[in-house]
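All remarks here apply to the structure that follows.
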Amino acid sequence: MVTLNARLQSLKTGREQQEALIDLFTAFADTACKVSRIISAGGELSDTIGAQNSDGDAQKALDVIADDEFLAAARASRVVATYCSEEQDRAVVIEESAPLVIAIDPLDGSSNIDVNVSIGTIISVLPNPGGDLQQSAMQTGSNQLAAAFFVYGPQTTLYLTTGNGTDLYRMDPSTGAFLLVKEGIEIPAETSEYAINGSNARQWYSPVQRYISDLLLGDEGPRERNFNTRWIGSLVADASRIFNRGGVFLYPGDCRPKYENGRLRLIYEANPVAFLVEQAGGAATDGVMRILEKPPTAIHERTALIFGSKMEVNWACSYEEETCQAFDQAGLFGRHNFSAPEQK
Ligand code: FDP
């Protein structure tokens, strides 16, 4: 079996940023192994610790453990200039002249910790742009040098791209080594499976309501075939399914306060997932714009996110376009000018 360490050696190109990825992912793979073992051992990992993260979410014990572990690994790797985490208000400056900037969700899917459902760590790797390091992660996703997520589930897995396709690795629990399972994942262009939190349906804007209504009509509706819903509620788990058998995932903006631009974060959730998805032949958008072209305006900014099988992402976005033409407005999957969803 080919190991992650062996595969990373192909990055020995003499280019500093590329070679730094070897040290980074060697360190992060060891950390993911450690976090995976902490999770398997159980304990009071979902207890709230009385603190809040950048967005006012109550932090759980495992959020803080994972953040501490990945921050320590970033420091030890000696290749990270700044570490921007969901669990920290501001970027942590590590080594001003180091080549890489990390944006990270150390523990994605926190609400699933106590129910033994897959959770993970999402990582975006950017070049160090110099200048004000507090702003160093504020780069468009197309600048990413690498993106990855680890999944702590029945198996511990790693989806990784360094810009040359997306590969899947699985951790061997006896040694902690990550072994290559699939090279060059291809997300099927078509699908009959979609993922969205349907409990928000009454809050969705009109294009999302119309798109999902058409899927629900199945073979009696305009799509002329039946669709299946799958929603795990951990981005890493829903994304894993889509990498393996296709599908479309939607977390659109909606009418709830603070959800105008959806729930997911641009720089450490949407961008890395979008890079991995595009490298696997899929598409990722906010309904109007390619995620990887969105200029960030704040470290913890949210974005609407639609990704997965290319044809289905295009279908979903066609509802947005119709509405934009009809109302001469933009961005209805995200912030919009209506005060309430269209009444049926
Ligand atoms: P969580 O808050 O549990 O960390 O990243 C946020 C996230 O989970 C995603 O993993 C998941 O897709 C989404 O939120 C679920 O949101 P809802 O609870 O609103 O469905």
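FYI, nothing fancy with the structure tokens labels: chains A, B, ... in order, residues from 1 per chain, ligands from 1 as they appear.
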Problem set entry | Spatial neighbours of Gln139 (chain A), max dist 10 Å, only C-alpha atoms, sep filter under 6 positions, as a PyMOL selection string | chain A and resi 126-129+267+292-297+299
Write out the residues from the selection above, keeping all heavy atoms, as a PDB file, in the first residue's frame.
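For reference, selection.pdb as written:
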ATOM      1  N   LEU A 126      -2.750  28.382   2.400  1.00  0.00           N
ATOM      2  CA  LEU A 126      -2.527  29.524   1.504  1.00  0.00           C
ATOM      3  C   LEU A 126      -1.057  29.941   1.570  1.00  0.00           C
ATOM      4  O   LEU A 126      -0.371  29.661   2.562  1.00  0.00           O
ATOM      5  CB  LEU A 126      -3.398  30.704   1.969  1.00  0.00           C
ATOM      6  CG  LEU A 126      -4.910  30.492   1.858  1.00  0.00           C
ATOM      7  CD1 LEU A 126      -5.654  31.343   2.887  1.00  0.00           C
ATOM      8  CD2 LEU A 126      -5.400  30.805   0.452  1.00  0.00           C
ATOM      9  N   PRO A 127      -0.596  30.670   0.557  1.00  0.00           N
ATOM     10  CA  PRO A 127       0.776  31.206   0.660  1.00  0.00           C
ATOM     11  C   PRO A 127       0.811  32.388   1.623  1.00  0.00           C
ATOM     12  O   PRO A 127      -0.189  33.105   1.763  1.00  0.00           O
ATOM     13  CB  PRO A 127       1.068  31.672  -0.774  1.00  0.00           C
ATOM     14  CG  PRO A 127      -0.273  31.915  -1.400  1.00  0.00           C
ATOM     15  CD  PRO A 127      -1.243  30.990  -0.727  1.00  0.00           C
ATOM     16  N   ASN A 128       1.943  32.590   2.271  1.00  0.00           N
ATOM     17  CA  ASN A 128       2.110  33.765   3.126  1.00  0.00           C
ATOM     18  C   ASN A 128       2.273  34.994   2.227  1.00  0.00           C
ATOM     19  O   ASN A 128       3.270  35.105   1.513  1.00  0.00           O
ATOM     20  CB  ASN A 128       3.360  33.572   3.999  1.00  0.00           C
ATOM     21  CG  ASN A 128       3.616  34.769   4.898  1.00  0.00           C
ATOM     22  OD1 ASN A 128       2.919  35.784   4.819  1.00  0.00           O
ATOM     23  ND2 ASN A 128       4.620  34.648   5.755  1.00  0.00           N
ATOM     24  N   PRO A 129       1.272  35.913   2.268  1.00  0.00           N
ATOM     25  CA  PRO A 129       1.348  37.057   1.354  1.00  0.00           C
ATOM     26  C   PRO A 129       2.218  38.194   1.884  1.00  0.00           C
ATOM     27  O   PRO A 129       2.389  39.215   1.204  1.00  0.00           O
ATOM     28  CB  PRO A 129      -0.116  37.515   1.282  1.00  0.00           C
ATOM     29  CG  PRO A 129      -0.681  37.161   2.628  1.00  0.00           C
ATOM     30  CD  PRO A 129       0.081  35.956   3.114  1.00  0.00           C
ATOM     31  N   ILE A 267     -13.649  31.015   4.517  1.00  0.00           N
ATOM     32  CA  ILE A 267     -12.223  30.708   4.334  1.00  0.00           C
ATOM     33  C   ILE A 267     -11.799  29.348   4.896  1.00  0.00           C
ATOM     34  O   ILE A 267     -10.833  28.789   4.408  1.00  0.00           O
ATOM     35  CB  ILE A 267     -11.283  31.840   4.838  1.00  0.00           C
ATOM     36  CG1 ILE A 267     -11.324  31.978   6.332  1.00  0.00           C
ATOM     37  CG2 ILE A 267     -11.559  33.157   4.146  1.00  0.00           C
ATOM     38  CD1 ILE A 267     -10.180  32.839   6.868  1.00  0.00           C
ATOM     39  N   LEU A 292     -14.493  29.767  -5.232  1.00  0.00           N
ATOM     40  CA  LEU A 292     -13.052  30.047  -5.258  1.00  0.00           C
ATOM     41  C   LEU A 292     -12.719  31.437  -5.779  1.00  0.00           C
ATOM     42  O   LEU A 292     -11.559  31.845  -5.739  1.00  0.00           O
ATOM     43  CB  LEU A 292     -12.311  28.978  -6.070  1.00  0.00           C
ATOM     44  CG  LEU A 292     -12.350  27.570  -5.473  1.00  0.00           C
ATOM     45  CD1 LEU A 292     -11.547  26.586  -6.323  1.00  0.00           C
ATOM     46  CD2 LEU A 292     -11.816  27.560  -4.039  1.00  0.00           C
ATOM     47  N   GLU A 293     -13.722  32.167  -6.274  1.00  0.00           N
ATOM     48  CA  GLU A 293     -13.456  33.539  -6.749  1.00  0.00           C
ATOM     49  C   GLU A 293     -13.961  34.598  -5.787  1.00  0.00           C
ATOM     50  O   GLU A 293     -13.878  35.792  -6.061  1.00  0.00           O
ATOM     51  CB  GLU A 293     -14.130  33.749  -8.116  1.00  0.00           C
ATOM     52  CG  GLU A 293     -13.416  33.003  -9.222  1.00  0.00           C
ATOM     53  CD  GLU A 293     -14.152  33.062 -10.545  1.00  0.00           C
ATOM     54  OE1 GLU A 293     -15.220  33.717 -10.620  1.00  0.00           O
ATOM     55  OE2 GLU A 293     -13.664  32.441 -11.486  1.00  0.00           O
ATOM     56  N   LYS A 294     -14.531  34.183  -4.653  1.00  0.00           N
ATOM     57  CA  LYS A 294     -15.114  35.166  -3.737  1.00  0.00           C
ATOM     58  C   LYS A 294     -14.033  35.843  -2.893  1.00  0.00           C
ATOM     59  O   LYS A 294     -13.328  35.163  -2.140  1.00  0.00           O
ATOM     60  CB  LYS A 294     -16.106  34.480  -2.785  1.00  0.00           C
ATOM     61  CG  LYS A 294     -17.406  34.085  -3.444  1.00  0.00           C
ATOM     62  CD  LYS A 294     -18.385  33.543  -2.433  1.00  0.00           C
ATOM     63  CE  LYS A 294     -18.983  34.668  -1.614  1.00  0.00           C
ATOM     64  NZ  LYS A 294     -20.360  34.435  -1.195  1.00  0.00           N
ATOM     65  N   PRO A 295     -13.902  37.150  -2.979  1.00  0.00           N
ATOM     66  CA  PRO A 295     -12.906  37.813  -2.124  1.00  0.00           C
ATOM     67  C   PRO A 295     -13.421  37.891  -0.684  1.00  0.00           C
ATOM     68  O   PRO A 295     -14.495  38.442  -0.451  1.00  0.00           O
ATOM     69  CB  PRO A 295     -12.776  39.222  -2.728  1.00  0.00           C
ATOM     70  CG  PRO A 295     -13.826  39.321  -3.787  1.00  0.00           C
ATOM     71  CD  PRO A 295     -14.629  38.064  -3.838  1.00  0.00           C
ATOM     72  N   PRO A 296     -12.694  37.335   0.288  1.00  0.00           N
ATOM     73  CA  PRO A 296     -13.164  37.385   1.679  1.00  0.00           C
ATOM     74  C   PRO A 296     -13.136  38.812   2.218  1.00  0.00           C
ATOM     75  O   PRO A 296     -12.252  39.593   1.851  1.00  0.00           O
ATOM     76  CB  PRO A 296     -12.160  36.531   2.447  1.00  0.00           C
ATOM     77  CG  PRO A 296     -11.258  35.910   1.459  1.00  0.00           C
ATOM     78  CD  PRO A 296     -11.411  36.623   0.157  1.00  0.00           C
ATOM     79  N   THR A 297     -14.083  39.119   3.094  1.00  0.00           N
ATOM     80  CA  THR A 297     -14.104  40.451   3.703  1.00  0.00           C
ATOM     81  C   THR A 297     -13.886  40.387   5.226  1.00  0.00           C
ATOM     82  O   THR A 297     -13.673  41.394   5.860  1.00  0.00           O
ATOM     83  CB  THR A 297     -15.445  41.163   3.434  1.00  0.00           C
ATOM     84  OG1 THR A 297     -16.493  40.317   3.903  1.00  0.00           O
ATOM     85  CG2 THR A 297     -15.649  41.425   1.957  1.00  0.00           C
ATOM     86  N   ILE A 299     -12.507  37.332   8.507  1.00  0.00           N
ATOM     87  CA  ILE A 299     -11.999  35.975   8.759  1.00  0.00           C
ATOM     88  C   ILE A 299     -13.136  34.971   8.955  1.00  0.00           C
ATOM     89  O   ILE A 299     -13.089  33.854   8.461  1.00  0.00           O
ATOM     90  CB  ILE A 299     -11.071  35.963  10.003  1.00  0.00           C
ATOM     91  CG1 ILE A 299      -9.760  36.678   9.702  1.00  0.00           C
ATOM     92  CG2 ILE A 299     -10.791  34.541  10.449  1.00  0.00           C
ATOM     93  CD1 ILE A 299      -8.755  36.632  10.851  1.00  0.00           C
TER      94      ILE A 299
END
For this session: List all protein, DNA and RNA residues that have any atom at most 7 Å from ligand 1, counting only C-alpha atoms and all ligand atoms, and write the list as a PyMOL selection string.
Result: chain A and resi 107-112+197+233-236+263-264
Neighbours of region 300-305 of chain A within 6 Å (only C-alpha atoms; same-chain residues fewer than 2 positions away dropped), as a PDB file with N, CA and C atoms, in the first residue's frame?
ATOM      1  N   LEU A 250     -26.554  21.601  -0.284  1.00  0.00           N
ATOM      2  CA  LEU A 250     -26.928  23.026  -0.260  1.00  0.00           C
ATOM      3  C   LEU A 250     -27.023  23.522   1.182  1.00  0.00           C
ATOM      4  N   TYR A 251     -26.286  24.578   1.505  1.00  0.00           N
ATOM      5  CA  TYR A 251     -26.594  25.351   2.704  1.00  0.00           C
ATOM      6  C   TYR A 251     -26.752  26.785   2.227  1.00  0.00           C
ATOM      7  N   PRO A 252     -27.984  27.143   1.798  1.00  0.00           N
ATOM      8  CA  PRO A 252     -28.207  28.471   1.239  1.00  0.00           C
ATOM      9  C   PRO A 252     -28.392  29.518   2.339  1.00  0.00           C
ATOM     10  N   GLY A 253     -28.397  30.765   1.957  1.00  0.00           N
ATOM     11  CA  GLY A 253     -28.831  31.808   2.876  1.00  0.00           C
ATOM     12  C   GLY A 253     -30.324  31.656   3.102  1.00  0.00           C
ATOM     13  N   ASN A 261     -26.484  34.860   4.799  1.00  0.00           N
ATOM     14  CA  ASN A 261     -25.473  34.287   3.904  1.00  0.00           C
ATOM     15  C   ASN A 261     -25.160  32.844   4.276  1.00  0.00           C
ATOM     16  N   GLY A 262     -26.173  32.136   4.729  1.00  0.00           N
ATOM     17  CA  GLY A 262     -25.973  30.734   5.063  1.00  0.00           C
ATOM     18  C   GLY A 262     -25.295  30.566   6.401  1.00  0.00           C
ATOM     19  N   ARG A 263     -24.733  29.382   6.614  1.00  0.00           N
ATOM     20  CA  ARG A 263     -24.141  29.083   7.913  1.00  0.00           C
ATOM     21  C   ARG A 263     -22.631  28.849   7.825  1.00  0.00           C
ATOM     22  N   LEU A 264     -22.195  28.361   6.682  1.00  0.00           N
ATOM     23  CA  LEU A 264     -20.814  27.870   6.599  1.00  0.00           C
ATOM     24  C   LEU A 264     -19.836  29.004   6.344  1.00  0.00           C
ATOM     25  N   ARG A 265     -18.599  28.817   6.794  1.00  0.00           N
ATOM     26  CA  ARG A 265     -17.590  29.883   6.735  1.00  0.00           C
ATOM     27  C   ARG A 265     -16.818  29.795   5.439  1.00  0.00           C
ATOM     28  N   LEU A 266     -16.564  30.979   4.869  1.00  0.00           N
ATOM     29  CA  LEU A 266     -15.906  31.009   3.568  1.00  0.00           C
ATOM     30  C   LEU A 266     -14.480  30.467   3.619  1.00  0.00           C
ATOM     31  N   THR A 285     -20.364  26.690  -5.587  1.00  0.00           N
ATOM     32  CA  THR A 285     -20.794  28.056  -5.857  1.00  0.00           C
ATOM     33  C   THR A 285     -21.613  28.579  -4.676  1.00  0.00           C
ATOM     34  N   ASP A 286     -21.837  29.889  -4.650  1.00  0.00           N
ATOM     35  CA  ASP A 286     -22.771  30.420  -3.651  1.00  0.00           C
ATOM     36  C   ASP A 286     -24.142  30.638  -4.289  1.00  0.00           C
ATOM     37  N   ALA A 298     -13.978  39.178   5.793  1.00  0.00           N
ATOM     38  CA  ALA A 298     -13.727  39.009   7.226  1.00  0.00           C
ATOM     39  C   ALA A 298     -13.321  37.562   7.468  1.00  0.00           C
ATOM     40  N   GLY A 334     -28.077  33.901  -1.329  1.00  0.00           N
ATOM     41  CA  GLY A 334     -27.497  34.548  -0.162  1.00  0.00           C
ATOM     42  C   GLY A 334     -28.366  35.739   0.212  1.00  0.00           C
TER      43      GLY A 334
END
Exercise. Out of A:Ile123, A:Val117, A:Ile212, A:Ile39, which residue has the shortest atom-to-atom distance to Phe275 (chain A) when counting only C-alpha atoms?
Worked result: A:Ile123
Problem set entry | Residues of region 15-162 of chain A in helix (DSSP H, G or I), written as a PyMOL selection string | chain A and resi 16-41+61-77+110-115+133-135+141-143
Exercise. From the list A:Asp67, A:Glu190, A:Asp23, A:Glu321, which residue is nearest Met289 (chain A) when using only C-alpha atoms?
Worked result: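 Once distances to Met289 (chain A) are computed over only C-alpha atoms, the minimum belongs to A:Glu321.
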Give me the residues of region 219-337 of chain A that have any atom at most 9 Å from an atom of region 149-153 of chain A; for each, the nearest atom pair and the distance in Å, rounded to one decimal. Use only C-alpha atoms, sort by chain and number, and format it as JSON lines.
{"residue": "A:Val236", "atom": "CA", "partner": "A:Val151", "partner_atom": "CA", "distance": 6.3}
{"residue": "A:Ala237", "atom": "CA", "partner": "A:Val151", "partner_atom": "CA", "distance": 7.1}
{"residue": "A:Ser240", "atom": "CA", "partner": "A:Val151", "partner_atom": "CA", "distance": 8.2}
{"residue": "A:Pro272", "atom": "CA", "partner": "A:Phe149", "partner_atom": "CA", "distance": 8.1}
{"residue": "A:Val273", "atom": "CA", "partner": "A:Phe149", "partner_atom": "CA", "distance": 8.0}
For this session: Give the answer as one residue: which of A:Asn200, A:Thr48, A:Ser309, A:Thr26 has the shortest atom-to-atom distance to Asn244 (chain A), using only C-alpha atoms?
Result: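 That would be A:Ser309, the residue with the smallest distance to Asn244 (chain A).
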Problem set entry | All residues 12 Å or closer to Leu11 (chain A), only C-alpha atoms, same chain fewer than 2 positions away omitted, as a list in words | Leu4, Asn5, Ala6, Arg7, Leu8, Gln9, Thr13, Gly14, Arg15, Glu16, Gln17, Gln18, Glu19, Ala20, Leu21, Ile22, Asp23, Leu24, Phe25, Leu145, Ala146, Thr161, Thr162, Gly163 and Asn164 of chain A
Kindly save the residues from that selection, with C-alpha atoms included, as a CSV table (one decimal), in the first residue's frame.
chain,number,residue,atom,x,y,z
A,4,LEU,CA,0.7,9.5,2.5
A,5,ASN,CA,4.3,10.1,3.5
A,6,ALA,CA,5.5,8.4,0.3
A,7,ARG,CA,3.0,10.4,-1.9
A,8,LEU,CA,4.0,13.7,-0.3
A,9,GLN,CA,7.6,13.2,-1.5
A,13,THR,CA,10.2,20.2,-6.4
A,14,GLY,CA,12.7,22.7,-5.0
A,15,ARG,CA,9.9,25.2,-4.5
A,16,GLU,CA,9.7,26.3,-0.9
A,17,GLN,CA,5.9,26.5,-0.5
A,18,GLN,CA,5.4,23.0,-2.1
A,19,GLU,CA,8.1,21.4,0.0
A,20,ALA,CA,6.6,23.1,3.1
A,21,LEU,CA,3.4,21.1,2.4
A,22,ILE,CA,5.3,17.9,3.1
A,23,ASP,CA,6.2,19.0,6.7
A,24,LEU,CA,2.7,20.4,7.2
A,25,PHE,CA,0.7,17.3,6.2
A,145,LEU,CA,-1.9,25.7,-2.3
A,146,ALA,CA,-3.7,22.7,-0.8
A,161,THR,CA,-5.6,18.1,-2.9
A,162,THR,CA,-2.4,19.9,-3.6
A,163,GLY,CA,-3.8,21.1,-6.9
A,164,ASN,CA,-3.3,17.9,-8.9
For this session: Would you mind writing down, as a count of residues only, each residue of region 40-147 of chain A that DSSP on the backbone assigns to strand (DSSP E)?
Result: 36
